[in-house]
$ cat upload.pdb   # PDB, C-alpha atoms and all ligand atoms
ATOM      1  CA  MET W  16    -113.023 -76.261 160.382
ATOM      2  CA  SER W  17    -114.113 -72.826 159.148
ATOM      3  CA  ASP W  18    -114.689 -73.937 155.548
ATOM      4  CA  ILE W  19    -117.466 -76.365 156.474
ATOM      5  CA  ALA W  20    -120.971 -75.600 157.697
ATOM      6  CA  PRO W  21    -121.434 -75.361 161.465
ATOM      7  CA  ALA W  22    -122.152 -78.764 162.943
ATOM      8  CA  SER W  23    -125.679 -77.806 163.956
ATOM      9  CA  ASP W  24    -126.494 -76.861 160.326
ATOM     10  CA  PHE W  25    -124.979 -80.124 159.209
ATOM     11  CA  PHE W  26    -127.145 -81.928 161.745
ATOM     12  CA  ASP W  27    -130.311 -80.085 160.714
ATOM     13  CA  GLY W  28    -129.500 -81.054 157.132
ATOM     14  CA  LEU W  29    -129.175 -84.684 158.136
ATOM     15  CA  LEU W  30    -132.488 -84.566 159.989
ATOM     16  CA  THR W  31    -134.222 -83.097 156.957
ATOM     17  CA  GLN W  32    -132.747 -85.840 154.805
ATOM     18  CA  ILE W  33    -133.853 -88.547 157.231
ATOM     19  CA  ARG W  34    -137.385 -87.172 157.360
ATOM     20  CA  HIS W  35    -137.418 -87.003 153.565
ATOM     21  CA  ASP W  36    -136.158 -90.596 153.301
ATOM     22  CA  ALA W  37    -138.676 -91.732 155.902
ATOM     23  CA  SER W  38    -141.596 -90.179 154.048
ATOM     24  CA  GLU W  39    -140.381 -91.719 150.773
ATOM     25  CA  PHE W  40    -140.188 -95.099 152.458
ATOM     26  CA  LEU W  41    -143.688 -94.678 153.840
ATOM     27  CA  VAL W  42    -145.013 -94.185 150.335
ATOM     28  CA  ILE W  43    -143.197 -97.187 148.899
ATOM     29  CA  THR W  44    -143.341 -99.607 151.799
ATOM     30  CA  VAL W  45    -143.293 -99.597 155.550
ATOM     31  CA  SER W  46    -139.581 -99.487 156.256
ATOM     32  CA  ARG W  47    -138.294-101.286 159.309
ATOM     33  CA  CYS W  48    -134.769-101.842 160.425
ATOM     34  CA  GLY W  49    -133.196-103.876 163.196
ATOM     35  CA  ARG W  50    -129.633-104.041 164.403
ATOM     36  CA  TYR W  51    -127.123-105.910 166.493
ATOM     37  CA  ALA W  52    -124.473-103.717 168.094
ATOM     38  CA  PRO W  53    -121.802-105.628 170.032
ATOM     39  CA  SER W  54    -118.713-104.126 171.644
ATOM     40  CA  PRO W  55    -115.483-105.604 170.249
ATOM     41  CA  THR W  56    -114.123-106.270 173.700
ATOM     42  CA  GLY W  57    -113.432-109.986 173.221
ATOM     43  CA  PRO W  58    -115.023-113.102 171.760
ATOM     44  CA  LEU W  59    -118.814-113.352 171.980
ATOM     45  CA  HIS W  60    -120.222-115.492 174.759
ATOM     46  CA  LEU W  61    -123.421-117.490 174.471
ATOM     47  CA  GLY W  62    -125.490-114.659 175.955
ATOM     48  CA  ASN W  63    -124.239-112.252 173.265
ATOM     49  CA  ALA W  64    -124.892-114.903 170.622
ATOM     50  CA  ARG W  65    -128.455-115.413 171.849
ATOM     51  CA  THR W  66    -129.230-111.693 171.705
ATOM     52  CA  ALA W  67    -127.705-111.540 168.208
ATOM     53  CA  LEU W  68    -129.852-114.482 167.116
ATOM     54  CA  LEU W  69    -133.002-112.826 168.479
ATOM     55  CA  ALA W  70    -132.195-109.451 166.899
ATOM     56  CA  TRP W  71    -131.660-111.167 163.548
ATOM     57  CA  LEU W  72    -134.841-113.265 163.888
ATOM     58  CA  GLN W  73    -136.911-110.224 164.804
ATOM     59  CA  ALA W  74    -135.574-108.205 161.866
ATOM     60  CA  ARG W  75    -136.044-110.978 159.326
ATOM     61  CA  LEU W  76    -139.558-111.824 160.591
ATOM     62  CA  ALA W  77    -140.424-108.120 160.262
ATOM     63  CA  ASN W  78    -139.005-108.073 156.709
ATOM     64  CA  ALA W  79    -136.652-105.409 158.009
ATOM     65  CA  ARG W  80    -133.159-104.366 157.054
ATOM     66  CA  PHE W  81    -130.593-105.690 159.503
ATOM     67  CA  VAL W  82    -127.525-103.684 160.484
ATOM     68  CA  LEU W  83    -124.368-104.797 162.298
ATOM     69  CA  ARG W  84    -122.660-101.979 164.178
ATOM     70  CA  MET W  85    -119.566-102.133 166.374
ATOM     71  CA  GLU W  86    -119.771-100.124 169.577
ATOM     72  CA  ASP W  87    -116.083 -99.427 169.992
ATOM     73  CA  MET W  88    -116.225 -95.979 171.608
ATOM     74  CA  ASP W  89    -114.517 -97.142 174.769
ATOM     75  CA  ARG W  90    -111.148 -97.680 173.089
ATOM     76  CA  PRO W  91    -109.161 -98.942 176.078
ATOM     77  CA  ARG W  92    -111.626-101.819 176.524
ATOM     78  CA  CYS W  93    -111.546-102.866 172.860
ATOM     79  CA  VAL W  94    -109.515-105.955 171.973
ATOM     80  CA  PRO W  95    -107.585-105.915 168.676
ATOM     81  CA  GLY W  96    -108.977-108.423 166.198
ATOM     82  CA  SER W  97    -112.256-108.659 168.050
ATOM     83  CA  THR W  98    -114.371-107.090 165.299
ATOM     84  CA  VAL W  99    -113.118-109.603 162.738
ATOM     85  CA  GLN W 100    -113.681-112.473 165.166
ATOM     86  CA  ILE W 101    -117.229-111.357 166.021
ATOM     87  CA  ILE W 102    -118.124-111.079 162.336
ATOM     88  CA  ASP W 103    -116.711-114.561 161.724
ATOM     89  CA  GLU W 104    -118.636-116.003 164.671
ATOM     90  CA  LEU W 105    -121.960-114.449 163.674
ATOM     91  CA  ARG W 106    -121.535-115.726 160.115
ATOM     92  CA  TRP W 107    -120.636-119.178 161.435
ATOM     93  CA  MET W 108    -123.965-119.140 163.307
ATOM     94  CA  GLY W 109    -125.726-118.548 159.990
ATOM     95  CA  LEU W 110    -126.617-114.908 160.564
ATOM     96  CA  GLU W 111    -126.281-112.316 157.816
ATOM     97  CA  TRP W 112    -126.855-108.579 157.599
ATOM     98  CA  ASP W 113    -127.520-105.936 154.973
ATOM     99  CA  GLU W 114    -125.164-103.293 156.298
ATOM    100  CA  GLY W 115    -122.096-103.543 158.481
ATOM    101  CA  PRO W 116    -118.397-102.872 158.887
ATOM    102  CA  ASP W 117    -117.483-105.737 156.540
ATOM    103  CA  CYS W 118    -119.988-105.041 153.753
ATOM    104  CA  GLY W 119    -120.580-101.282 154.054
ATOM    105  CA  GLY W 120    -123.918 -99.646 153.302
ATOM    106  CA  PRO W 121    -125.594 -96.254 152.959
ATOM    107  CA  HIS W 122    -125.595 -95.408 156.689
ATOM    108  CA  GLY W 123    -121.930 -96.018 157.492
ATOM    109  CA  PRO W 124    -119.409 -95.951 158.922
ATOM    110  CA  TYR W 125    -120.458 -98.904 161.066
ATOM    111  CA  LEU W 126    -117.743 -98.498 163.686
ATOM    112  CA  GLN W 127    -118.659 -95.954 166.364
ATOM    113  CA  SER W 128    -115.017 -94.896 166.601
ATOM    114  CA  GLN W 129    -115.390 -93.467 163.066
ATOM    115  CA  ARG W 130    -118.619 -91.552 163.733
ATOM    116  CA  ASP W 131    -117.290 -88.745 165.898
ATOM    117  CA  GLN W 132    -118.403 -86.020 163.454
ATOM    118  CA  LEU W 133    -122.009 -87.119 163.904
ATOM    119  CA  TYR W 134    -121.737 -87.125 167.697
ATOM    120  CA  ILE W 135    -120.115 -83.686 167.648
ATOM    121  CA  ALA W 136    -122.974 -82.427 165.468
ATOM    122  CA  ALA W 137    -125.568 -83.838 167.872
ATOM    123  CA  TYR W 138    -123.696 -82.447 170.867
ATOM    124  CA  GLU W 139    -123.571 -78.967 169.316
ATOM    125  CA  HIS W 140    -127.250 -79.192 168.427
ATOM    126  CA  LEU W 141    -128.100 -79.976 172.064
ATOM    127  CA  SER W 142    -125.702 -77.354 173.338
ATOM    128  CA  ALA W 143    -127.250 -74.663 171.107
ATOM    129  CA  ALA W 144    -130.693 -75.654 172.423
ATOM    130  CA  GLY W 145    -129.512 -75.086 176.018
ATOM    131  CA  ALA W 146    -130.026 -78.742 176.892
ATOM    132  CA  LEU W 147    -126.504 -79.251 178.297
ATOM    133  CA  TYR W 148    -124.426 -77.831 181.109
ATOM    134  CA  PRO W 149    -120.861 -78.401 182.295
ATOM    135  CA  CYS W 150    -120.265 -80.487 185.401
ATOM    136  CA  SER W 151    -117.010 -80.517 187.312
ATOM    137  CA  CYS W 152    -118.050 -82.926 190.069
ATOM    138  CA  SER W 153    -115.848 -85.872 190.881
ATOM    139  CA  ARG W 154    -117.344 -89.308 191.487
ATOM    140  CA  LYS W 155    -116.807 -88.706 195.191
ATOM    141  CA  ASP W 156    -118.696 -85.362 195.102
ATOM    142  CA  ILE W 157    -121.639 -87.114 193.474
ATOM    143  CA  ALA W 158    -121.632 -90.031 195.921
ATOM    144  CA  ILE W 159    -121.662 -87.615 198.881
ATOM    145  CA  ALA W 160    -124.453 -85.453 197.448
ATOM    146  CA  SER W 161    -126.712 -88.352 196.374
ATOM    147  CA  ALA W 162    -129.572 -89.637 198.464
ATOM    148  CA  PRO W 163    -128.143 -92.596 200.403
ATOM    149  CA  HIS W 164    -131.119 -94.947 199.945
ATOM    150  CA  GLN W 165    -130.942 -95.049 196.170
ATOM    151  CA  LYS W 166    -129.547 -98.249 194.714
ATOM    152  CA  THR W 167    -128.048 -96.479 191.713
ATOM    153  CA  THR W 168    -126.403 -93.083 191.964
ATOM    154  CA  VAL W 169    -128.663 -90.331 190.681
ATOM    155  CA  TYR W 170    -126.764 -87.150 189.911
ATOM    156  CA  PRO W 171    -128.266 -84.517 192.218
ATOM    157  CA  GLY W 172    -127.858 -81.603 189.780
ATOM    158  CA  THR W 173    -125.105 -79.889 191.768
ATOM    159  CA  CYS W 174    -123.668 -78.032 188.771
ATOM    160  CA  ARG W 175    -126.997 -76.991 187.217
ATOM    161  CA  GLN W 176    -126.834 -73.556 188.771
ATOM    162  CA  ARG W 177    -123.279 -73.035 189.924
ATOM    163  CA  PRO W 178    -120.436 -71.391 188.000
ATOM    164  CA  LEU W 179    -117.971 -73.775 186.416
ATOM    165  CA  LEU W 180    -114.962 -74.640 188.565
ATOM    166  CA  GLU W 181    -111.782 -73.980 186.624
ATOM    167  CA  SER W 182    -109.803 -76.655 188.414
ATOM    168  CA  ARG W 183    -110.607 -79.563 186.117
ATOM    169  CA  PRO W 184    -112.075 -80.019 182.616
ATOM    170  CA  PRO W 185    -115.851 -80.503 182.819
ATOM    171  CA  SER W 186    -118.064 -83.274 181.554
ATOM    172  CA  TRP W 187    -121.294 -82.182 179.837
ATOM    173  CA  ARG W 188    -124.631 -83.287 181.208
ATOM    174  CA  PHE W 189    -128.073 -83.444 179.633
ATOM    175  CA  ARG W 190    -130.614 -81.523 181.688
ATOM    176  CA  VAL W 191    -133.601 -83.858 182.210
ATOM    177  CA  ASP W 192    -137.110 -82.496 182.625
ATOM    178  CA  ASP W 193    -139.163 -83.208 185.690
ATOM    179  CA  ARG W 194    -141.370 -85.710 183.889
ATOM    180  CA  THR W 195    -142.061 -89.402 183.578
ATOM    181  CA  VAL W 196    -141.093 -91.157 180.352
ATOM    182  CA  SER W 197    -143.388 -94.054 179.477
ATOM    183  CA  TYR W 198    -143.074 -96.524 176.657
ATOM    184  CA  CYS W 199    -144.415 -99.903 175.673
ATOM    185  CA  ASP W 200    -141.714-102.545 175.443
ATOM    186  CA  ALA W 201    -142.542-105.387 173.040
ATOM    187  CA  ILE W 202    -141.623-107.961 175.713
ATOM    188  CA  HIS W 203    -142.075-106.220 179.072
ATOM    189  CA  GLY W 204    -145.167-104.184 178.206
ATOM    190  CA  ASP W 205    -145.730-100.729 179.701
ATOM    191  CA  LEU W 206    -142.671 -99.280 181.454
ATOM    192  CA  SER W 207    -142.051 -95.842 182.878
ATOM    193  CA  GLN W 208    -139.416 -93.909 184.776
ATOM    194  CA  SER W 209    -139.263 -90.524 186.440
ATOM    195  CA  LEU W 210    -136.280 -88.857 184.784
ATOM    196  CA  ALA W 211    -135.520 -86.465 187.628
ATOM    197  CA  ASN W 212    -135.898 -88.968 190.489
ATOM    198  CA  GLU W 213    -134.645 -92.202 188.948
ATOM    199  CA  ALA W 214    -132.176 -91.119 186.269
ATOM    200  CA  GLY W 215    -130.946 -87.574 186.920
ATOM    201  CA  ASP W 216    -128.984 -85.377 184.520
ATOM    202  CA  PHE W 217    -126.709 -87.736 182.630
ATOM    203  CA  VAL W 218    -123.337 -87.304 180.934
ATOM    204  CA  ILE W 219    -123.280 -86.770 177.149
ATOM    205  CA  ARG W 220    -119.618 -85.955 176.785
ATOM    206  CA  ARG W 221    -117.005 -87.000 179.288
ATOM    207  CA  ALA W 222    -114.275 -84.720 180.595
ATOM    208  CA  ASP W 223    -111.799 -86.562 178.349
ATOM    209  CA  ASN W 224    -114.066 -85.655 175.368
ATOM    210  CA  VAL W 225    -115.309 -89.204 174.793
ATOM    211  CA  PHE W 226    -119.028 -89.218 173.998
ATOM    212  CA  SER W 227    -121.259 -91.279 176.210
ATOM    213  CA  TYR W 228    -122.916 -94.525 175.221
ATOM    214  CA  HIS W 229    -126.303 -92.788 175.520
ATOM    215  CA  LEU W 230    -125.440 -90.196 172.892
ATOM    216  CA  ALA W 231    -123.757 -92.609 170.485
ATOM    217  CA  VAL W 232    -126.508 -95.223 170.581
ATOM    218  CA  VAL W 233    -129.310 -92.688 170.121
ATOM    219  CA  VAL W 234    -127.586 -90.912 167.232
ATOM    220  CA  ASP W 235    -126.579 -94.165 165.524
ATOM    221  CA  ASP W 236    -129.964 -95.842 165.798
ATOM    222  CA  ALA W 237    -131.730 -92.756 164.441
ATOM    223  CA  LEU W 238    -129.305 -92.017 161.606
ATOM    224  CA  MET W 239    -129.239 -95.682 160.584
ATOM    225  CA  GLY W 240    -133.047 -95.686 160.458
ATOM    226  CA  VAL W 241    -133.377 -98.335 163.169
ATOM    227  CA  SER W 242    -137.047 -98.867 164.047
ATOM    228  CA  ASP W 243    -136.729-101.945 166.271
ATOM    229  CA  VAL W 244    -134.091-102.196 168.991
ATOM    230  CA  VAL W 245    -133.628-105.774 170.221
ATOM    231  CA  ARG W 246    -131.129-105.879 173.095
ATOM    232  CA  GLY W 247    -130.503-107.313 176.541
ATOM    233  CA  ASP W 248    -132.858-106.283 179.326
ATOM    234  CA  ASP W 249    -129.930-104.947 181.371
ATOM    235  CA  LEU W 250    -130.509-101.768 179.327
ATOM    236  CA  ILE W 251    -134.123-101.226 180.427
ATOM    237  CA  GLU W 252    -133.037 -98.721 183.077
ATOM    238  CA  SER W 253    -131.206 -96.516 180.587
ATOM    239  CA  THR W 254    -133.936 -96.544 177.940
ATOM    240  CA  PRO W 255    -135.989 -93.564 179.240
ATOM    241  CA  CYS W 256    -132.850 -91.372 179.147
ATOM    242  CA  GLN W 257    -132.258 -92.452 175.569
ATOM    243  CA  ILE W 258    -135.876 -91.757 174.635
ATOM    244  CA  ALA W 259    -135.636 -88.249 176.153
ATOM    245  CA  LEU W 260    -132.367 -87.607 174.350
ATOM    246  CA  GLY W 261    -133.794 -88.790 171.045
ATOM    247  CA  GLN W 262    -136.783 -86.508 171.508
ATOM    248  CA  ALA W 263    -134.479 -83.537 172.180
ATOM    249  CA  LEU W 264    -132.712 -84.332 168.899
ATOM    250  CA  GLY W 265    -135.967 -84.594 166.968
ATOM    251  CA  PHE W 266    -135.780 -88.366 166.425
ATOM    252  CA  ALA W 267    -138.646 -90.850 166.373
ATOM    253  CA  THR W 268    -138.582 -93.334 169.269
ATOM    254  CA  PRO W 269    -137.864 -96.904 168.145
ATOM    255  CA  THR W 270    -139.758 -99.930 169.405
ATOM    256  CA  TYR W 271    -137.775-101.709 172.119
ATOM    257  CA  TRP W 272    -137.570-105.472 172.566
ATOM    258  CA  HIS W 273    -135.659-105.987 175.817
ATOM    259  CA  VAL W 274    -134.887-109.688 175.761
ATOM    260  CA  PRO W 275    -133.848-111.790 178.764
ATOM    261  CA  MET W 276    -130.151-111.954 179.526
ATOM    262  CA  MET W 277    -128.506-115.360 179.735
ATOM    263  CA  TYR W 278    -127.130-116.431 183.075
ATOM    264  CA  ASP W 279    -124.425-118.851 184.084
ATOM    265  CA  GLY W 280    -125.922-120.099 187.336
ATOM    266  CA  ASP W 281    -126.858-116.847 189.053
ATOM    267  CA  GLN W 282    -124.059-114.876 187.389
ATOM    268  CA  ARG W 283    -124.366-112.717 184.292
ATOM    269  CA  MET W 284    -122.125-114.065 181.556
ATOM    270  CA  ALA W 285    -118.985-112.011 181.063
ATOM    271  CA  LYS W 286    -116.580-111.938 178.151
ATOM    272  CA  ARG W 287    -113.522-111.718 180.304
ATOM    273  CA  ASP W 288    -113.604-115.224 181.738
ATOM    274  CA  GLY W 289    -113.735-116.761 178.237
ATOM    275  CA  SER W 290    -116.035-119.575 179.357
ATOM    276  CA  HIS W 291    -119.177-120.209 177.345
ATOM    277  CA  SER W 292    -117.675-118.440 174.366
ATOM    278  CA  ILE W 293    -118.683-119.340 170.828
ATOM    279  CA  ALA W 294    -114.991-119.954 170.150
ATOM    280  CA  GLN W 295    -114.924-122.593 172.883
ATOM    281  CA  TRP W 296    -118.066-124.226 171.509
ATOM    282  CA  ARG W 297    -116.529-124.429 168.078
ATOM    283  CA  GLN W 298    -113.273-125.834 169.438
ATOM    284  CA  ARG W 299    -115.260-128.653 171.011
ATOM    285  CA  GLY W 300    -116.532-129.576 167.554
ATOM    286  CA  ASN W 301    -120.111-128.366 167.918
ATOM    287  CA  SER W 302    -121.949-127.434 164.742
ATOM    288  CA  PRO W 303    -123.747-124.123 164.114
ATOM    289  CA  GLY W 304    -127.012-126.068 164.209
ATOM    290  CA  GLN W 305    -126.259-127.364 167.687
ATOM    291  CA  MET W 306    -125.496-123.861 168.881
ATOM    292  CA  VAL W 307    -128.627-122.337 167.342
ATOM    293  CA  GLY W 308    -130.661-125.229 168.779
ATOM    294  CA  TYR W 309    -129.161-124.750 172.230
ATOM    295  CA  LEU W 310    -129.735-120.987 172.252
ATOM    296  CA  ALA W 311    -133.296-121.321 170.955
ATOM    297  CA  ALA W 312    -134.066-124.109 173.450
ATOM    298  CA  SER W 313    -132.795-121.969 176.331
ATOM    299  CA  LEU W 314    -135.667-119.573 175.505
ATOM    300  CA  GLY W 315    -138.259-122.309 175.015
ATOM    301  CA  LEU W 316    -138.425-121.659 171.268
ATOM    302  CA  VAL W 317    -137.550-125.293 170.453
ATOM    303  CA  THR W 318    -137.015-128.438 172.525
ATOM    304  CA  MET W 319    -133.604-129.010 174.143
ATOM    305  CA  GLY W 320    -131.291-131.017 171.928
ATOM    306  CA  ALA W 321    -132.677-129.516 168.716
ATOM    307  CA  ASP W 322    -130.181-129.137 165.893
ATOM    308  CA  LEU W 323    -131.338-126.603 163.319
ATOM    309  CA  SER W 324    -129.986-123.769 161.235
ATOM    310  CA  ALA W 325    -130.837-120.145 161.852
ATOM    311  CA  ALA W 326    -132.804-120.185 158.579
ATOM    312  CA  GLU W 327    -134.828-123.207 159.767
ATOM    313  CA  LEU W 328    -135.567-121.489 163.067
ATOM    314  CA  LEU W 329    -136.738-118.443 161.133
ATOM    315  CA  SER W 330    -139.207-120.526 159.131
ATOM    316  CA  ASP W 331    -140.752-121.908 162.352
ATOM    317  CA  PHE W 332    -141.906-118.493 163.630
ATOM    318  CA  ASP W 333    -143.732-115.333 162.807
ATOM    319  CA  LEU W 334    -143.257-112.050 164.629
ATOM    320  CA  GLU W 335    -146.234-112.614 166.945
ATOM    321  CA  SER W 336    -145.237-116.141 167.946
ATOM    322  CA  LEU W 337    -141.667-115.004 168.674
ATOM    323  CA  GLN W 338    -142.985-112.149 170.793
ATOM    324  CA  ARG W 339    -145.372-114.499 172.646
ATOM    325  CA  CYS W 340    -142.544-116.949 173.459
ATOM    326  CA  LEU W 341    -140.276-114.184 174.742
ATOM    327  CA  ARG W 342    -143.028-112.688 176.861
ATOM    328  CA  ALA W 343    -143.725-116.116 178.352
ATOM    329  CA  GLN W 344    -140.037-116.390 179.284
ATOM    330  CA  ILE W 345    -140.350-113.433 181.652
ATOM    331  CA  GLY W 346    -143.841-114.426 182.814
ATOM    332  CA  ASN W 347    -145.556-111.574 180.990
TER     333      ASN W 347
HETATM  334 ZN    ZN W 401    -121.481 -81.488 188.778
END
$ encode --input "upload.pdb" --output "C-alpha cells"
Amino acid sequence: MSDIAPASDFFDGLLTQIRHDASEFLVITVSRCGRYAPSPTGPLHLGNARTALLAWLQARLANARFVLRMEDMDRPRCVPGSTVQIIDELRWMGLEWDEGPDCGGPHGPYLQSQRDQLYIAAYEHLSAAGALYPCSCSRKDIAIASAPHQKTTVYPGTCRQRPLLESRPPSWRFRVDDRTVSYCDAIHGDLSQSLANEAGDFVIRRADNVFSYHLAVVVDDALMGVSDVVRGDDLIESTPCQIALGQALGFATPTYWHVPMMYDGDQRMAKRDGSHSIAQWRQRGNSPGQMVGYLAASLGLVTMGADLSAAELLSDFDLESLQRCLRAQIGN
C-alpha cells in the first residue's frame, strides 16, 4: 500500500477531475445522467421492472446518459447468475443503457463489489475530516437507549463521547449535524428531515468492514456523474442522510424522483416469493409490449391492455408530462 498515494489524496484527485469534467460538460452541453441500480438478489419482479422502466424513460426524455449498476455489496444475499439474468430481462423489456457491467464505460467498474477502493478513499476522507467515530454498541444496546415512541430506531449517539470498548470490533458512524435537510423531490415536492431527531448518526462502515449502502450509493452516484436519481419511494427516509453525506464529501446533490412502489394487494412485492417475476411473465408467453403496457397502465401512463414497446412509450411523453402523471399517482 505504501507505494500509492494516500486514499484521501486519491479521492481529492478524483474530485478535482470530476469538477473539471463537470465544467467541461457545462461548456459543451448540459450533462445529465440517470441510472438504474438493482441488487442481484434474484429475478426482477414487476415492481423492480416498473422502476427500471421509469428510470430509463426519465433519462431518455432528459437526453441523459443512462447507467446500469449492480448493488452487490451485501454478498451473502446475492444470488449467483442474477446479474446476467437481470441484464437479460431488462434488454427483453426493450431497455438499453450507455454504461454497465456488460458493456463497460468510463465510470466503471459497475459492480459495487469491485469498487471497494473508492469507498475506502471516501471513508478515509471522512475520517480525516473528523466526521466519523467508532461505535461498539450492539443492536440491543441501541434498542434500550432509543426513545421508545419512535417508529424507527434512531441511534442515540451513545459512543459519540465515550472511549472505544475493546471487547468487539467497532462500526464507524457518520456524525450528523443538528440541522434539517430539505430538498425538492421531483414527484413528492418539498421534503425535509431533522437529521439528529429523525435519522441519528448512521453507520458508514460495519464492524465486519463492509461499507454501508449509504456510503456506496452516494459515492457511486457522484463518481458516475448521476444527476437524476429515479428510485422507489421506500428510500425517501434515507435520502437526507445521503444528501448530508454527499455534502461532506464535496459532491453536488442529485435531483431525486421517488416513484411509487408497486404493491401486490397491500404487500410490497418481494423477490423471494418469485411471484410476479418477469421470468414468470415470459414463461406464460407474454410479449415485452404486453409487459411495458401493463407497467405503464399501472401508473396511468396508458390505458390498461395497451401493448407497446418501451420506445413507443418514450415517444408518447416528454419530461414534464411524465412528471405530471407520476405526481398525480401520489395525489400531488
Ligand atoms: Zn455506539
$ closest_residue --input "upload.pdb" --among "W:Pro121, W:Pro55, W:Pro149, W:Gly115" --to "Arg90 in chain W" --atoms "all atoms listed in the file"
W:Pro55
$ residues_near_ligand --input "upload.pdb" --ligand "ligand ZN 401 (chain W)" --cutoff "7 Å" --atoms "all atoms listed in the file" --output "JSON, numbers by chain"
{"W": [150, 151, 152, 172, 173, 174]}
$ atom_distance --input "upload.pdb" --atom1 "CA of Met85 in chain W" --atom2 "CA of Trp71 in chain W"
15.4 Å
$ resolve_selection --input "upload.pdb" --expression "the PyMOL selection byres (((chain W and resi 328) around 9) and not hetatm)" --output "MDAnalysis selection string"
chainID W and resid 72 307:308 311 316:317 323:327 329:332
$ residues_around --input "upload.pdb" --residues "Ala263 in chain W" --least-positions-apart "5" --cutoff "10 Å" --atoms "all atoms listed in the file" --output "list in words"
Ala137, His140, Leu141, Ala144, Ala146, Phe189, Gln257 and Ile258 of chain W
$ residues_around --input "upload.pdb" --residues "Asp248 in chain W" --least-positions-apart "2" --cutoff "8 Å" --atoms "all atoms listed in the file" --output "ChimeraX atom specification"
/W:246,250-251,273-276
$ closest_residue --input "upload.pdb" --among "W:Ile293, W:Val169, W:Leu83, W:Val241" --to "Leu126 in chain W" --atoms "all atoms listed in the file"
W:Leu83
$ residues_near_point --input "upload.pdb" --point "(-131.4, -87.2, 186.9)" --cutoff "8 Å" --atoms "only C-alpha atoms" --output "list in words"
Val169, Tyr170, Pro171, Gly172, Arg190, Val191, Leu210, Ala211, Asn212, Glu213, Ala214, Gly215, Asp216 and Phe217 of chain W
$ closest_residue --input "upload.pdb" --among "W:Asn63, W:Asn347, W:Asp205, W:Leu238" --to "Tyr134 in chain W" --atoms "all atoms listed in the file"
W:Leu238
$ closest_residue --input "upload.pdb" --among "W:Ala312, W:Ala160, W:Leu260, W:Val99" --to "His229 in chain W" --atoms "all atoms listed in the file"
W:Leu260
$ atom_distance --input "upload.pdb" --atom1 "CA of Thr318 in chain W" --atom2 "CA of Gly304 in chain W"
13.2 Å
$ closest_residue --input "upload.pdb" --among "W:Val234, W:Ile157, W:Leu206, W:Ala64" --to "Gln132 in chain W" --atoms "all atoms listed in the file"
W:Val234
$ atom_distance --input "upload.pdb" --atom1 "CA of Arg84 in chain W" --atom2 "CA of Val196 in chain W"
26.8 Å
$ closest_residue --input "upload.pdb" --among "W:Pro184, W:Gly261, W:Gly247, W:Pro255" --to "Arg221 in chain W" --atoms "all atoms listed in the file"
W:Pro184
$ residues_around --input "upload.pdb" --residues "Thr56 in chain W" --least-positions-apart "2" --cutoff "12 Å" --atoms "only C-alpha atoms" --output "VMD selection string"
chain W and resid 53 to 54 58 to 60 63 85 to 101 285 to 287 289
$ axis_aligned_box --input "upload.pdb" --around "range 199-212 of chain W" --padding-each-side "4 Å" --output "JSON"
{"center_x": -140.6, "center_y": -97.2, "center_z": 181.8, "size_x": 18.2, "size_y": 29.5, "size_z": 25.4}
$ residues_around --input "upload.pdb" --residues "Val218 in chain W" --least-positions-apart "6" --cutoff "8 Å" --atoms "all atoms listed in the file" --output "list of chain:residue names"
W:Ser186, W:Trp187, W:Arg188, W:Phe189, W:Ser227
$ resolve_selection --input "upload.pdb" --expression "the PyMOL selection byres (((chain W and resi 200) around 8) and not hetatm)" --output "number ranges by chain"
W: 198-199, 201-206, 270-273
$ resolve_selection --input "upload.pdb" --expression "the PyMOL selection byres (((chain W and resi 82) around 6) and not hetatm)" --output "PDB file with C-alpha atoms, in the coordinates of the input"
ATOM      1  CA  ARG W  50    -129.633-104.041 164.403  1.00  0.00           C
ATOM      2  CA  PHE W  81    -130.593-105.690 159.503  1.00  0.00           C
ATOM      3  CA  LEU W  83    -124.368-104.797 162.298  1.00  0.00           C
ATOM      4  CA  TRP W 112    -126.855-108.579 157.599  1.00  0.00           C
ATOM      5  CA  ASP W 113    -127.520-105.936 154.973  1.00  0.00           C
ATOM      6  CA  GLU W 114    -125.164-103.293 156.298  1.00  0.00           C
ATOM      7  CA  GLY W 115    -122.096-103.543 158.481  1.00  0.00           C
TER       8      GLY W 115
END
